[in-house]
$ cat input_3.pdb   # PDB, C-alpha atoms
ATOM      1  CA  MET Y   1    -198.081 167.077-162.420
ATOM      2  CA  ARG Y   2    -195.920 163.995-162.032
ATOM      3  CA  ILE Y   3    -193.956 162.716-165.034
ATOM      4  CA  ALA Y   4    -192.406 159.245-165.264
ATOM      5  CA  THR Y   5    -190.112 157.461-167.694
ATOM      6  CA  PHE Y   6    -189.651 153.698-167.596
ATOM      7  CA  ASN Y   7    -188.021 151.190-169.936
ATOM      8  CA  VAL Y   8    -190.204 148.130-169.352
ATOM      9  CA  GLN Y   9    -187.875 145.642-171.116
ATOM     10  CA  ASN Y  10    -189.694 144.009-174.003
ATOM     11  CA  LEU Y  11    -193.369 144.259-173.072
ATOM     12  CA  ARG Y  12    -195.217 142.207-175.648
ATOM     13  CA  LEU Y  13    -198.636 140.543-175.694
ATOM     14  CA  ARG Y  14    -198.899 137.238-177.532
ATOM     15  CA  HIS Y  15    -201.836 134.979-178.305
ATOM     16  CA  SER Y  16    -201.265 131.242-178.287
ATOM     17  CA  ALA Y  17    -203.719 128.374-177.932
ATOM     18  CA  GLY Y  18    -206.538 130.884-177.566
ATOM     19  CA  ARG Y  19    -204.912 132.599-174.572
ATOM     20  CA  ALA Y  20    -203.360 136.026-174.198
ATOM     21  CA  ARG Y  21    -199.987 136.026-172.477
ATOM     22  CA  PHE Y  22    -197.207 138.558-171.912
ATOM     23  CA  ASP Y  23    -193.541 138.176-172.608
ATOM     24  CA  GLY Y  24    -191.541 138.718-169.463
ATOM     25  CA  ALA Y  25    -188.871 141.312-168.717
ATOM     26  CA  ARG Y  26    -186.066 139.421-170.448
ATOM     27  CA  ASP Y  27    -183.902 139.971-173.515
ATOM     28  CA  TYR Y  28    -183.576 136.368-174.755
ATOM     29  CA  ASP Y  29    -179.824 136.869-175.287
ATOM     30  CA  VAL Y  30    -178.598 134.668-172.435
ATOM     31  CA  PRO Y  31    -179.237 130.926-171.993
ATOM     32  CA  GLN Y  32    -181.038 131.274-168.655
ATOM     33  CA  ASP Y  33    -183.678 133.524-170.272
ATOM     34  CA  ASN Y  34    -184.548 130.912-172.900
ATOM     35  CA  THR Y  35    -185.815 127.988-170.844
ATOM     36  CA  PRO Y  36    -189.277 126.737-169.867
ATOM     37  CA  GLU Y  37    -188.491 127.890-166.323
ATOM     38  CA  ALA Y  38    -187.809 131.413-167.614
ATOM     39  CA  THR Y  39    -191.081 131.445-169.545
ATOM     40  CA  ALA Y  40    -192.962 130.433-166.397
ATOM     41  CA  LEU Y  41    -191.874 133.712-164.758
ATOM     42  CA  ASP Y  42    -193.208 136.004-167.494
ATOM     43  CA  LEU Y  43    -196.535 136.878-165.888
ATOM     44  CA  ALA Y  44    -194.861 137.457-162.523
ATOM     45  CA  ASP Y  45    -192.502 139.932-164.223
ATOM     46  CA  ARG Y  46    -195.393 141.853-165.695
ATOM     47  CA  ARG Y  47    -197.294 141.995-162.445
ATOM     48  CA  LEU Y  48    -194.191 143.586-160.952
ATOM     49  CA  THR Y  49    -193.950 146.029-163.873
ATOM     50  CA  SER Y  50    -197.531 147.101-163.236
ATOM     51  CA  ALA Y  51    -196.867 147.356-159.479
ATOM     52  CA  ILE Y  52    -193.986 149.781-160.119
ATOM     53  CA  LEU Y  53    -196.237 151.925-162.292
ATOM     54  CA  ALA Y  54    -198.908 151.918-159.592
ATOM     55  CA  GLN Y  55    -196.224 152.960-157.112
ATOM     56  CA  ALA Y  56    -195.076 155.757-159.430
ATOM     57  CA  ASP Y  57    -198.627 157.115-159.604
ATOM     58  CA  ALA Y  58    -197.560 159.506-162.376
ATOM     59  CA  ASP Y  59    -199.942 161.670-164.378
ATOM     60  CA  VAL Y  60    -197.944 161.145-167.574
ATOM     61  CA  VAL Y  61    -195.915 157.967-168.157
ATOM     62  CA  CYS Y  62    -193.395 157.537-170.983
ATOM     63  CA  LEU Y  63    -192.661 153.865-171.638
ATOM     64  CA  GLN Y  64    -189.946 152.359-173.799
ATOM     65  CA  GLU Y  65    -190.022 148.861-175.340
ATOM     66  CA  VAL Y  66    -193.774 148.349-175.761
ATOM     67  CA  PHE Y  67    -194.659 146.120-178.697
ATOM     68  CA  ASP Y  68    -197.843 147.830-179.917
ATOM     69  CA  ARG Y  69    -201.046 149.604-178.914
ATOM     70  CA  THR Y  70    -202.860 146.316-178.312
ATOM     71  CA  THR Y  71    -200.173 145.331-175.801
ATOM     72  CA  LEU Y  72    -200.404 148.737-174.111
ATOM     73  CA  ASP Y  73    -204.186 148.604-173.783
ATOM     74  CA  PHE Y  74    -204.281 145.036-172.502
ATOM     75  CA  PHE Y  75    -201.513 145.773-169.992
ATOM     76  CA  HIS Y  76    -203.370 148.872-168.787
ATOM     77  CA  ASP Y  77    -206.802 147.243-168.567
ATOM     78  CA  HIS Y  78    -205.792 143.956-166.985
ATOM     79  CA  LEU Y  79    -202.536 144.282-165.053
ATOM     80  CA  MET Y  80    -202.151 147.941-164.172
ATOM     81  CA  ARG Y  81    -205.711 148.303-162.952
ATOM     82  CA  HIS Y  82    -205.384 145.071-160.962
ATOM     83  CA  ALA Y  83    -202.230 146.514-159.334
ATOM     84  CA  GLY Y  84    -204.221 149.523-158.151
ATOM     85  CA  ALA Y  85    -203.089 152.078-160.733
ATOM     86  CA  GLN Y  86    -205.583 154.770-161.604
ATOM     87  CA  SER Y  87    -206.970 154.806-165.135
ATOM     88  CA  TYR Y  88    -205.064 156.404-167.999
ATOM     89  CA  PRO Y  89    -207.687 157.333-170.593
ATOM     90  CA  HIS Y  90    -205.196 158.900-173.013
ATOM     91  CA  ARG Y  91    -202.775 156.418-174.597
ATOM     92  CA  VAL Y  92    -200.375 156.411-177.509
ATOM     93  CA  CYS Y  93    -198.133 153.741-179.002
ATOM     94  CA  MET Y  94    -196.808 154.565-182.467
ATOM     95  CA  LYS Y  95    -194.797 152.261-184.704
ATOM     96  CA  GLY Y  96    -191.104 153.048-184.661
ATOM     97  CA  ASN Y  97    -188.125 151.639-186.528
ATOM     98  CA  ASP Y  98    -187.215 148.723-184.249
ATOM     99  CA  GLY Y  99    -188.138 145.558-186.086
ATOM    100  CA  GLY Y 100    -188.421 143.768-182.757
ATOM    101  CA  GLY Y 101    -191.339 145.978-181.732
ATOM    102  CA  ARG Y 102    -189.566 148.030-179.087
ATOM    103  CA  ASP Y 103    -191.785 151.068-179.587
ATOM    104  CA  LEU Y 104    -192.466 154.180-177.524
ATOM    105  CA  ALA Y 105    -195.723 154.495-175.603
ATOM    106  CA  VAL Y 106    -197.423 157.134-173.470
ATOM    107  CA  LEU Y 107    -200.071 156.825-170.764
ATOM    108  CA  SER Y 108    -201.693 160.041-169.566
ATOM    109  CA  ARG Y 109    -204.447 161.224-167.281
ATOM    110  CA  TYR Y 110    -204.572 164.465-169.265
ATOM    111  CA  PRO Y 111    -205.261 165.039-172.964
ATOM    112  CA  LEU Y 112    -202.237 164.764-175.237
ATOM    113  CA  HIS Y 113    -201.806 167.426-177.902
ATOM    114  CA  ASP Y 114    -199.766 167.679-181.105
ATOM    115  CA  VAL Y 115    -198.548 164.069-180.895
ATOM    116  CA  ARG Y 116    -195.889 163.521-183.543
ATOM    117  CA  SER Y 117    -193.641 160.622-184.440
ATOM    118  CA  HIS Y 118    -190.302 161.372-186.079
ATOM    119  CA  ALA Y 119    -189.545 157.774-186.999
ATOM    120  CA  ASN Y 120    -189.406 158.592-190.715
ATOM    121  CA  PHE Y 121    -187.119 161.630-190.423
ATOM    122  CA  THR Y 122    -183.819 161.366-192.273
ATOM    123  CA  PRO Y 123    -180.596 163.372-191.922
ATOM    124  CA  ALA Y 124    -181.535 165.187-195.128
ATOM    125  CA  ASP Y 125    -184.890 166.230-193.633
ATOM    126  CA  LEU Y 126    -183.088 168.008-190.786
ATOM    127  CA  GLY Y 127    -180.115 169.334-192.720
ATOM    128  CA  LEU Y 128    -177.681 167.003-190.956
ATOM    129  CA  THR Y 129    -174.573 165.459-192.481
ATOM    130  CA  PRO Y 130    -174.562 161.746-191.704
ATOM    131  CA  PRO Y 131    -171.363 160.072-190.511
ATOM    132  CA  HIS Y 132    -169.355 157.866-192.811
ATOM    133  CA  GLY Y 133    -171.303 154.776-193.758
ATOM    134  CA  MET Y 134    -174.753 156.255-193.007
ATOM    135  CA  ARG Y 135    -176.966 157.373-195.884
ATOM    136  CA  SER Y 136    -178.734 160.736-195.770
ATOM    137  CA  ASP Y 137    -182.052 159.240-196.912
ATOM    138  CA  VAL Y 138    -182.562 156.562-194.245
ATOM    139  CA  PRO Y 139    -184.273 157.156-190.866
ATOM    140  CA  ILE Y 140    -182.134 158.729-188.162
ATOM    141  CA  PHE Y 141    -183.823 157.147-185.171
ATOM    142  CA  ARG Y 142    -183.379 153.471-184.463
ATOM    143  CA  ARG Y 143    -186.693 153.617-182.593
ATOM    144  CA  ASP Y 144    -188.252 157.099-182.560
ATOM    145  CA  CYS Y 145    -188.422 160.522-180.989
ATOM    146  CA  LEU Y 146    -192.070 160.966-180.021
ATOM    147  CA  PHE Y 147    -193.131 164.543-179.359
ATOM    148  CA  PHE Y 148    -196.281 165.532-177.486
ATOM    149  CA  ARG Y 149    -197.615 168.350-175.355
ATOM    150  CA  VAL Y 150    -199.524 168.222-172.064
ATOM    151  CA  GLY Y 151    -200.763 171.670-171.123
ATOM    152  CA  GLU Y 152    -197.711 173.958-171.065
ATOM    153  CA  LEU Y 153    -195.222 171.110-170.985
ATOM    154  CA  ASN Y 154    -193.559 169.810-174.164
ATOM    155  CA  LEU Y 155    -191.988 166.366-174.085
ATOM    156  CA  PHE Y 156    -189.533 164.703-176.456
ATOM    157  CA  HIS Y 157    -189.731 161.007-175.648
ATOM    158  CA  CYS Y 158    -186.704 159.079-176.951
ATOM    159  CA  HIS Y 159    -185.088 155.674-177.104
ATOM    160  CA  PHE Y 160    -181.666 155.782-178.771
ATOM    161  CA  LYS Y 161    -179.494 153.100-180.335
ATOM    162  CA  ALA Y 162    -178.146 150.606-177.809
ATOM    163  CA  PRO Y 163    -174.344 150.387-177.459
ATOM    164  CA  TRP Y 164    -174.464 146.649-178.184
ATOM    165  CA  PRO Y 165    -173.114 144.575-179.804
ATOM    166  CA  ASP Y 166    -170.464 147.064-181.031
ATOM    167  CA  THR Y 167    -170.064 150.206-178.926
ATOM    168  CA  THR Y 168    -167.719 151.834-181.434
ATOM    169  CA  ARG Y 169    -170.159 151.501-184.337
ATOM    170  CA  ALA Y 170    -173.107 152.546-182.178
ATOM    171  CA  TRP Y 171    -171.530 155.853-181.063
ATOM    172  CA  PRO Y 172    -172.001 157.817-184.342
ATOM    173  CA  ILE Y 173    -175.557 156.530-184.682
ATOM    174  CA  ARG Y 174    -176.432 157.733-181.203
ATOM    175  CA  ARG Y 175    -174.633 161.051-181.837
ATOM    176  CA  MET Y 176    -176.765 161.552-184.958
ATOM    177  CA  GLU Y 177    -179.917 160.820-182.923
ATOM    178  CA  ALA Y 178    -178.859 163.393-180.325
ATOM    179  CA  LEU Y 179    -178.171 166.012-182.998
ATOM    180  CA  ALA Y 180    -181.570 165.293-184.523
ATOM    181  CA  VAL Y 181    -183.419 165.770-181.223
ATOM    182  CA  ARG Y 182    -181.582 169.045-180.682
ATOM    183  CA  LYS Y 183    -182.621 170.193-184.159
ATOM    184  CA  LEU Y 184    -186.244 169.311-183.374
ATOM    185  CA  VAL Y 185    -186.168 171.269-180.109
ATOM    186  CA  GLU Y 186    -184.519 174.299-181.733
ATOM    187  CA  ALA Y 187    -186.887 174.257-184.696
ATOM    188  CA  ARG Y 188    -189.956 174.129-182.483
ATOM    189  CA  PHE Y 189    -188.996 176.803-179.968
ATOM    190  CA  LYS Y 190    -186.658 179.130-181.917
ATOM    191  CA  ASN Y 191    -184.561 179.787-178.799
ATOM    192  CA  ASP Y 192    -187.675 180.873-176.869
ATOM    193  CA  PRO Y 193    -186.325 181.446-173.334
ATOM    194  CA  SER Y 194    -189.747 180.718-171.798
ATOM    195  CA  ALA Y 195    -190.315 177.295-173.402
ATOM    196  CA  LEU Y 196    -191.010 174.432-170.997
ATOM    197  CA  TRP Y 197    -189.622 171.202-172.394
ATOM    198  CA  ILE Y 198    -188.076 167.913-171.291
ATOM    199  CA  ILE Y 199    -186.100 165.367-173.296
ATOM    200  CA  LEU Y 200    -186.628 162.046-171.551
ATOM    201  CA  GLY Y 201    -186.366 158.318-172.031
ATOM    202  CA  ASP Y 202    -183.578 155.823-172.625
ATOM    203  CA  LEU Y 203    -180.637 157.517-174.391
ATOM    204  CA  ASN Y 204    -178.549 154.345-174.006
ATOM    205  CA  GLU Y 205    -175.251 155.922-172.996
ATOM    206  CA  PRO Y 206    -173.053 152.985-171.920
ATOM    207  CA  ALA Y 207    -172.000 152.571-168.314
ATOM    208  CA  GLU Y 208    -168.354 152.882-169.363
ATOM    209  CA  PRO Y 209    -168.058 155.896-171.723
ATOM    210  CA  GLN Y 210    -165.809 155.357-174.702
ATOM    211  CA  SER Y 211    -164.377 158.861-174.474
ATOM    212  CA  GLU Y 212    -164.754 162.170-172.703
ATOM    213  CA  ASP Y 213    -167.251 163.084-175.413
ATOM    214  CA  PRO Y 214    -170.484 161.121-174.828
ATOM    215  CA  ALA Y 215    -172.578 160.542-177.931
ATOM    216  CA  VAL Y 216    -175.428 162.566-176.377
ATOM    217  CA  THR Y 217    -173.251 165.640-175.682
ATOM    218  CA  PRO Y 218    -175.337 167.869-178.017
ATOM    219  CA  LEU Y 219    -178.272 167.497-175.608
ATOM    220  CA  LEU Y 220    -176.337 167.984-172.378
ATOM    221  CA  PRO Y 221    -175.618 171.262-170.526
ATOM    222  CA  PRO Y 222    -175.349 174.047-171.453
ATOM    223  CA  PHE Y 223    -178.088 173.210-173.974
ATOM    224  CA  SER Y 224    -180.249 171.700-171.219
ATOM    225  CA  VAL Y 225    -180.232 171.070-167.480
ATOM    226  CA  ASP Y 226    -179.482 167.469-166.514
ATOM    227  CA  LEU Y 227    -182.025 166.813-163.778
ATOM    228  CA  LEU Y 228    -180.554 163.435-162.810
ATOM    229  CA  ALA Y 229    -177.299 165.239-162.009
ATOM    230  CA  ARG Y 230    -179.185 166.851-159.111
ATOM    231  CA  MET Y 231    -179.493 163.466-157.430
ATOM    232  CA  PRO Y 232    -176.715 162.315-155.076
ATOM    233  CA  LYS Y 233    -173.913 160.888-157.208
ATOM    234  CA  ASP Y 234    -174.312 157.345-155.887
ATOM    235  CA  GLU Y 235    -178.070 157.475-156.569
ATOM    236  CA  ARG Y 236    -177.957 158.399-160.256
ATOM    237  CA  TRP Y 237    -177.784 154.864-161.636
ATOM    238  CA  THR Y 238    -180.994 153.653-163.301
ATOM    239  CA  PHE Y 239    -180.026 150.308-164.831
ATOM    240  CA  TYR Y 240    -178.562 147.025-163.636
ATOM    241  CA  ASN Y 241    -177.156 144.351-165.958
ATOM    242  CA  SER Y 242    -177.258 141.032-164.124
ATOM    243  CA  GLN Y 243    -174.992 139.381-166.718
ATOM    244  CA  ASP Y 244    -171.932 141.397-165.734
ATOM    245  CA  GLY Y 245    -173.086 143.086-162.513
ATOM    246  CA  GLN Y 246    -172.715 146.488-164.140
ATOM    247  CA  TYR Y 247    -174.684 149.589-163.142
ATOM    248  CA  GLY Y 248    -175.438 152.413-165.560
ATOM    249  CA  GLN Y 249    -177.447 155.536-166.258
ATOM    250  CA  PRO Y 250    -178.916 155.175-169.750
ATOM    251  CA  ASP Y 251    -182.127 156.977-168.727
ATOM    252  CA  ALA Y 252    -182.362 160.754-168.906
ATOM    253  CA  LEU Y 253    -184.380 163.788-167.901
ATOM    254  CA  LEU Y 254    -182.955 166.853-169.681
ATOM    255  CA  ALA Y 255    -184.951 170.035-169.097
ATOM    256  CA  SER Y 256    -185.108 173.507-170.570
ATOM    257  CA  HIS Y 257    -183.609 176.340-168.529
ATOM    258  CA  ALA Y 258    -187.076 177.909-168.287
ATOM    259  CA  LEU Y 259    -188.408 174.777-166.608
ATOM    260  CA  THR Y 260    -185.674 174.726-163.981
ATOM    261  CA  GLN Y 261    -186.094 178.438-163.347
ATOM    262  CA  ARG Y 262    -189.767 177.817-162.638
ATOM    263  CA  TRP Y 263    -189.008 174.748-160.490
ATOM    264  CA  PRO Y 264    -185.509 175.489-159.174
ATOM    265  CA  ASP Y 265    -185.515 172.782-156.511
ATOM    266  CA  VAL Y 266    -187.013 169.878-158.441
ATOM    267  CA  ILE Y 267    -185.094 166.588-158.105
ATOM    268  CA  PRO Y 268    -186.128 163.284-159.758
ATOM    269  CA  ARG Y 269    -186.548 160.016-157.870
ATOM    270  CA  ALA Y 270    -185.608 156.520-159.016
ATOM    271  CA  LEU Y 271    -188.004 153.689-158.123
ATOM    272  CA  ARG Y 272    -185.890 150.554-157.746
ATOM    273  CA  ALA Y 273    -188.288 148.262-155.893
ATOM    274  CA  GLY Y 274    -188.707 146.077-158.986
ATOM    275  CA  LEU Y 275    -185.012 145.537-159.778
ATOM    276  CA  ASP Y 276    -183.105 142.281-159.287
ATOM    277  CA  ARG Y 277    -182.071 141.643-155.709
ATOM    278  CA  ARG Y 278    -178.548 141.236-157.095
ATOM    279  CA  ALA Y 279    -178.473 145.013-157.598
ATOM    280  CA  ILE Y 280    -177.111 145.458-154.089
ATOM    281  CA  ARG Y 281    -176.301 149.156-154.496
ATOM    282  CA  SER Y 282    -179.955 149.831-153.869
ATOM    283  CA  SER Y 283    -181.136 149.806-150.288
ATOM    284  CA  ASP Y 284    -184.741 150.167-151.470
ATOM    285  CA  ALA Y 285    -187.047 147.444-150.189
ATOM    286  CA  ARG Y 286    -188.000 145.182-153.081
ATOM    287  CA  LEU Y 287    -191.528 144.212-153.959
ATOM    288  CA  THR Y 288    -192.365 140.878-152.360
ATOM    289  CA  ASP Y 289    -192.156 138.714-155.481
ATOM    290  CA  VAL Y 290    -188.843 140.078-156.819
ATOM    291  CA  GLY Y 291    -186.253 137.328-157.178
ATOM    292  CA  SER Y 292    -182.484 137.163-157.237
ATOM    293  CA  HIS Y 293    -182.617 137.755-161.003
ATOM    294  CA  ARG Y 294    -186.239 137.136-161.941
ATOM    295  CA  PRO Y 295    -189.056 137.757-161.450
ATOM    296  CA  HIS Y 296    -188.346 141.462-161.777
ATOM    297  CA  ALA Y 297    -190.199 144.470-163.158
ATOM    298  CA  SER Y 298    -187.432 145.429-165.607
ATOM    299  CA  ASP Y 299    -183.683 145.860-165.753
ATOM    300  CA  HIS Y 300    -184.349 149.625-165.510
ATOM    301  CA  ALA Y 301    -185.662 151.687-162.636
ATOM    302  CA  ALA Y 302    -188.612 153.993-163.210
ATOM    303  CA  ILE Y 303    -187.792 157.703-162.847
ATOM    304  CA  VAL Y 304    -190.389 160.190-161.580
ATOM    305  CA  LEU Y 305    -190.387 163.979-161.519
ATOM    306  CA  ASP Y 306    -192.889 166.203-159.711
ATOM    307  CA  LEU Y 307    -193.720 169.621-161.192
ATOM    308  CA  ASP Y 308    -196.058 171.099-158.607
ATOM    309  CA  GLY Y 309    -198.652 173.517-159.868
ATOM    310  CA  LEU Y 310    -198.387 172.541-163.533
TER     311      LEU Y 310
END

$ encode --input "input_3.pdb" --output "C-alpha cells"
Amino acid sequence: MRIATFNVQNLRLRHSAGRARFDGARDYDVPQDNTPEATALDLADRRLTSAILAQADADVVCLQEVFDRTTLDFFHDHLMRHAGAQSYPHRVCMKGNDGGGRDLAVLSRYPLHDVRSHANFTPADLGLTPPHGMRSDVPIFRRDCLFFRVGELNLFHCHFKAPWPDTTRAWPIRRMEALAVRKLVEARFKNDPSALWIILGDLNEPAEPQSEDPAVTPLLPPFSVDLLARMPKDERWTFYNSQDGQYGQPDALLASHALTQRWPDVIPRALRAGLDRRAIRSSDARLTDVGSHRPHASDHAAIVLDLDGL
C-alpha cells in the first residue's frame, strides 16, 4: 500500500457566471498573487496539482487545504482523471475549524473505516490544561485531526496552526495540538506495542525553530519514529516559500514503533516536480508547465511512503 500526504495550497472550487473554476495554488497575501495575471494561472496550477497526484499513484492520499467535499469530487472527476490518475471511489472531506475552508480530505482506493473528526474536541475533553490565554472549552485544533483506518493501518491526519503572523503566539497553540494528538493515539491504543499507526500531514513547524524545543516535541521520538529523518539530510525539506527563498519541513510522517519493526527499511520520497523553479535545491525535473513562481502544483512537495504487503 502506498500512502501520500500533500498540502495542495488552497484548493477551492467556485462558481461564477455559470462556470465552475478553481482557485489556484496561491495564498493571496502578496501583491503578485492578487492580479488578473495571477488569476489567469489558476487552472494551470490545478492541472499541475492533479499531475503530481497522478505521479504519486498512492492508494491512500491525505490532502490538506481542500475547501469542501464538492471541491474534492469535482477535482477528482475532472482534473485528476484527466491527468491519468486512477479512480478513488472512497473520499472524505469533513468541515474543520478554519474559517477559510482549509479542510482535511482523504482519497482512497480502499474502504475507509471508523472515520472520525476531532474538530470539536476541547482541552477539557482530553484532560489537558490550556496555556495562558486559551480557554478550556474552545476547540484545540485550528483545522482538525482526522482519524481513519485502512485495513490494519491507523492514520491520524493533521494540519496544525501555522507559525504566521506571530510565531511566538502560535507556538503554544501548536504544542496543545501536538499534546492532543498524542492523547488521541494513547487513548486508542493503550500502549499496544503491536499497533500500526502514522501521524501525517502538515504540522507547520517553522523553518527556523524558535527554540531547541519544537512545538511538536510530544509527537517526536521516542514516542514515534520520524520517517522523514531517514531521508538524506539535504533531502528532507518539503516546502519552499518563494517570498523569502526559505526552505522548510512542515510536513511529517511519524510512525509507531510496531510499523517500523514490520517495515524496517521503509524511507519516504518527496515529489518536487510541481514546485517553483526558484526552489533550486531540488534537482528533480519539473513538470513542463511549471513556471519560475507560477504555475506550480503547490508550495509543498507531496510525500509518499510504500508499505509493501499491507

$ closest_residue --input "input_3.pdb" --among "Y:Leu43, Y:Leu184, Y:Leu126, Y:Ala258" --to "His296 in chain Y" --atoms "all atoms listed in the file"
Y:Leu43

$ atom_distance --input "input_3.pdb" --atom1 "CA of Ala187 in chain Y" --atom2 "CA of Leu203 in chain Y"
20.6 Å

$ resolve_selection --input "input_3.pdb" --expression "the PyMOL selection byres ((chain Y and resi 135-142) around 9)" --output "PyMOL selection string"
chain Y and resi 96-98+118-125+128-134+143-145+158-162+173-174+176-177+180

$ residues_around --input "input_3.pdb" --residues "Ser50 in chain Y" --least-positions-apart "5" --cutoff "8 Å" --atoms "all atoms listed in the file" --output "ChimeraX atom specification"
/Y:75,79-80,83,85,297

$ write_last_selection --input "input_3.pdb" --atoms "C-alpha atoms" --output "PDB file, keeping the file's coordinate frame"
ATOM      1  CA  PHE Y  75    -201.513 145.773-169.992  1.00  0.00           C
ATOM      2  CA  LEU Y  79    -202.536 144.282-165.053  1.00  0.00           C
ATOM      3  CA  MET Y  80    -202.151 147.941-164.172  1.00  0.00           C
ATOM      4  CA  ALA Y  83    -202.230 146.514-159.334  1.00  0.00           C
ATOM      5  CA  ALA Y  85    -203.089 152.078-160.733  1.00  0.00           C
ATOM      6  CA  ALA Y 297    -190.199 144.470-163.158  1.00  0.00           C
TER       7      ALA Y 297
END

$ closest_residue --input "input_3.pdb" --among "Y:Gln86, Y:Ser282, Y:Gln249, Y:Thr35" --to "Ala54 in chain Y" --atoms "only C-alpha atoms"
Y:Gln86

$ residues_around --input "input_3.pdb" --residues "Arg21 in chain Y" --least-positions-apart "4" --cutoff "9 Å" --atoms "all atoms listed in the file" --output "mmCIF file with C-alpha atoms, keeping the file's coordinate frame"
data_model
loop_
_atom_site.group_PDB
_atom_site.id
_atom_site.type_symbol
_atom_site.label_atom_id
_atom_site.label_comp_id
_atom_site.auth_asym_id
_atom_site.auth_seq_id
_atom_site.Cartn_x
_atom_site.Cartn_y
_atom_site.Cartn_z
ATOM 1 C CA ARG Y 12 -195.217 142.207 -175.648
ATOM 2 C CA LEU Y 13 -198.636 140.543 -175.694
ATOM 3 C CA ARG Y 14 -198.899 137.238 -177.532
ATOM 4 C CA HIS Y 15 -201.836 134.979 -178.305
ATOM 5 C CA SER Y 16 -201.265 131.242 -178.287
ATOM 6 C CA ASP Y 42 -193.208 136.004 -167.494
ATOM 7 C CA LEU Y 43 -196.535 136.878 -165.888
#

$ atom_distance --input "input_3.pdb" --atom1 "CA of Thr238 in chain Y" --atom2 "CA of Ile199 in chain Y"
16.2 Å

$ resolve_selection --input "input_3.pdb" --expression "the PyMOL selection byres ((chain Y and resi 219) around 9)" --output "CSV table (one decimal) with C-alpha atoms, keeping the file's coordinate frame"
chain,number,residue,atom,x,y,z
Y,178,ALA,CA,-178.9,163.4,-180.3
Y,179,LEU,CA,-178.2,166.0,-183.0
Y,181,VAL,CA,-183.4,165.8,-181.2
Y,182,ARG,CA,-181.6,169.0,-180.7
Y,199,ILE,CA,-186.1,165.4,-173.3
Y,216,VAL,CA,-175.4,162.6,-176.4
Y,217,THR,CA,-173.3,165.6,-175.7
Y,218,PRO,CA,-175.3,167.9,-178.0
Y,220,LEU,CA,-176.3,168.0,-172.4
Y,221,PRO,CA,-175.6,171.3,-170.5
Y,222,PRO,CA,-175.3,174.0,-171.5
Y,223,PHE,CA,-178.1,173.2,-174.0
Y,224,SER,CA,-180.2,171.7,-171.2
Y,254,LEU,CA,-183.0,166.9,-169.7

$ atom_distance --input "input_3.pdb" --atom1 "CA of Asp213 in chain Y" --atom2 "CA of Ile198 in chain Y"
21.8 Å

$ residues_around --input "input_3.pdb" --residues "Ala58 in chain Y" --least-positions-apart "4" --cutoff "7 Å" --atoms "all atoms listed in the file" --output "count of residues only"
3

$ resolve_selection --input "input_3.pdb" --expression "the PyMOL selection byres ((chain Y and resi 300) around 12)" --output "PyMOL selection string"
chain Y and resi 5-10+25-26+49+52+63-65+201-202+204+237-242+247-252+270-276+279+296-299+301-303

$ residues_around --input "input_3.pdb" --residues "Thr167 in chain Y" --least-positions-apart "3" --cutoff "10 Å" --atoms "all atoms listed in the file" --output "ChimeraX atom specification"
/Y:161-164,170-172,205-206,209-210

$ write_last_selection --input "input_3.pdb" --atoms "C-alpha atoms" --output "PDB file, keeping the file's coordinate frame"
ATOM      1  CA  LYS Y 161    -179.494 153.100-180.335  1.00  0.00           C
ATOM      2  CA  ALA Y 162    -178.146 150.606-177.809  1.00  0.00           C
ATOM      3  CA  PRO Y 163    -174.344 150.387-177.459  1.00  0.00           C
ATOM      4  CA  TRP Y 164    -174.464 146.649-178.184  1.00  0.00           C
ATOM      5  CA  ALA Y 170    -173.107 152.546-182.178  1.00  0.00           C
ATOM      6  CA  TRP Y 171    -171.530 155.853-181.063  1.00  0.00           C
ATOM      7  CA  PRO Y 172    -172.001 157.817-184.342  1.00  0.00           C
ATOM      8  CA  GLU Y 205    -175.251 155.922-172.996  1.00  0.00           C
ATOM      9  CA  PRO Y 206    -173.053 152.985-171.920  1.00  0.00           C
ATOM     10  CA  PRO Y 209    -168.058 155.896-171.723  1.00  0.00           C
ATOM     11  CA  GLN Y 210    -165.809 155.357-174.702  1.00  0.00           C
TER      12      GLN Y 210
END

$ closest_residue --input "input_3.pdb" --among "Y:Arg262, Y:Lys183, Y:His157, Y:Arg169" --to "Ala105 in chain Y" --atoms "only C-alpha atoms"
Y:His157

$ residues_near_point --input "input_3.pdb" --point "(-196.0, 140.5, -167.9)" --cutoff "7 Å" --atoms "all atoms listed in the file" --output "list in words"
Leu11, Phe22, Asp23, Gly24, Asp42, Leu43, Ala44, Asp45, Arg46 and Arg47 of chain Y

$ write_last_selection --input "input_3.pdb" --atoms "C-alpha atoms" --output "JSON list (two decimals), keeping the file's coordinate frame"
[["chain", "number", "residue", "atom", "x", "y", "z"],
["Y", 11, "LEU", "CA", -193.37, 144.26, -173.07],
["Y", 22, "PHE", "CA", -197.21, 138.56, -171.91],
["Y", 23, "ASP", "CA", -193.54, 138.18, -172.61],
["Y", 24, "GLY", "CA", -191.54, 138.72, -169.46],
["Y", 42, "ASP", "CA", -193.21, 136.00, -167.49],
["Y", 43, "LEU", "CA", -196.54, 136.88, -165.89],
["Y", 44, "ALA", "CA", -194.86, 137.46, -162.52],
["Y", 45, "ASP", "CA", -192.50, 139.93, -164.22],
["Y", 46, "ARG", "CA", -195.39, 141.85, -165.70],
["Y", 47, "ARG", "CA", -197.29, 142.00, -162.44]]

$ residues_around --input "input_3.pdb" --residues "Asp306 in chain Y" --least-positions-apart "6" --cutoff "12 Å" --atoms "all atoms listed in the file" --output "list in words"
Met1, Arg2, Ile3, Ala4, Ala56, Asp57, Ala58, Asp59, Val60, Leu227, Leu259, Thr260, Trp263, Pro264, Asp265, Val266, Ile267, Pro268 and Arg269 of chain Y
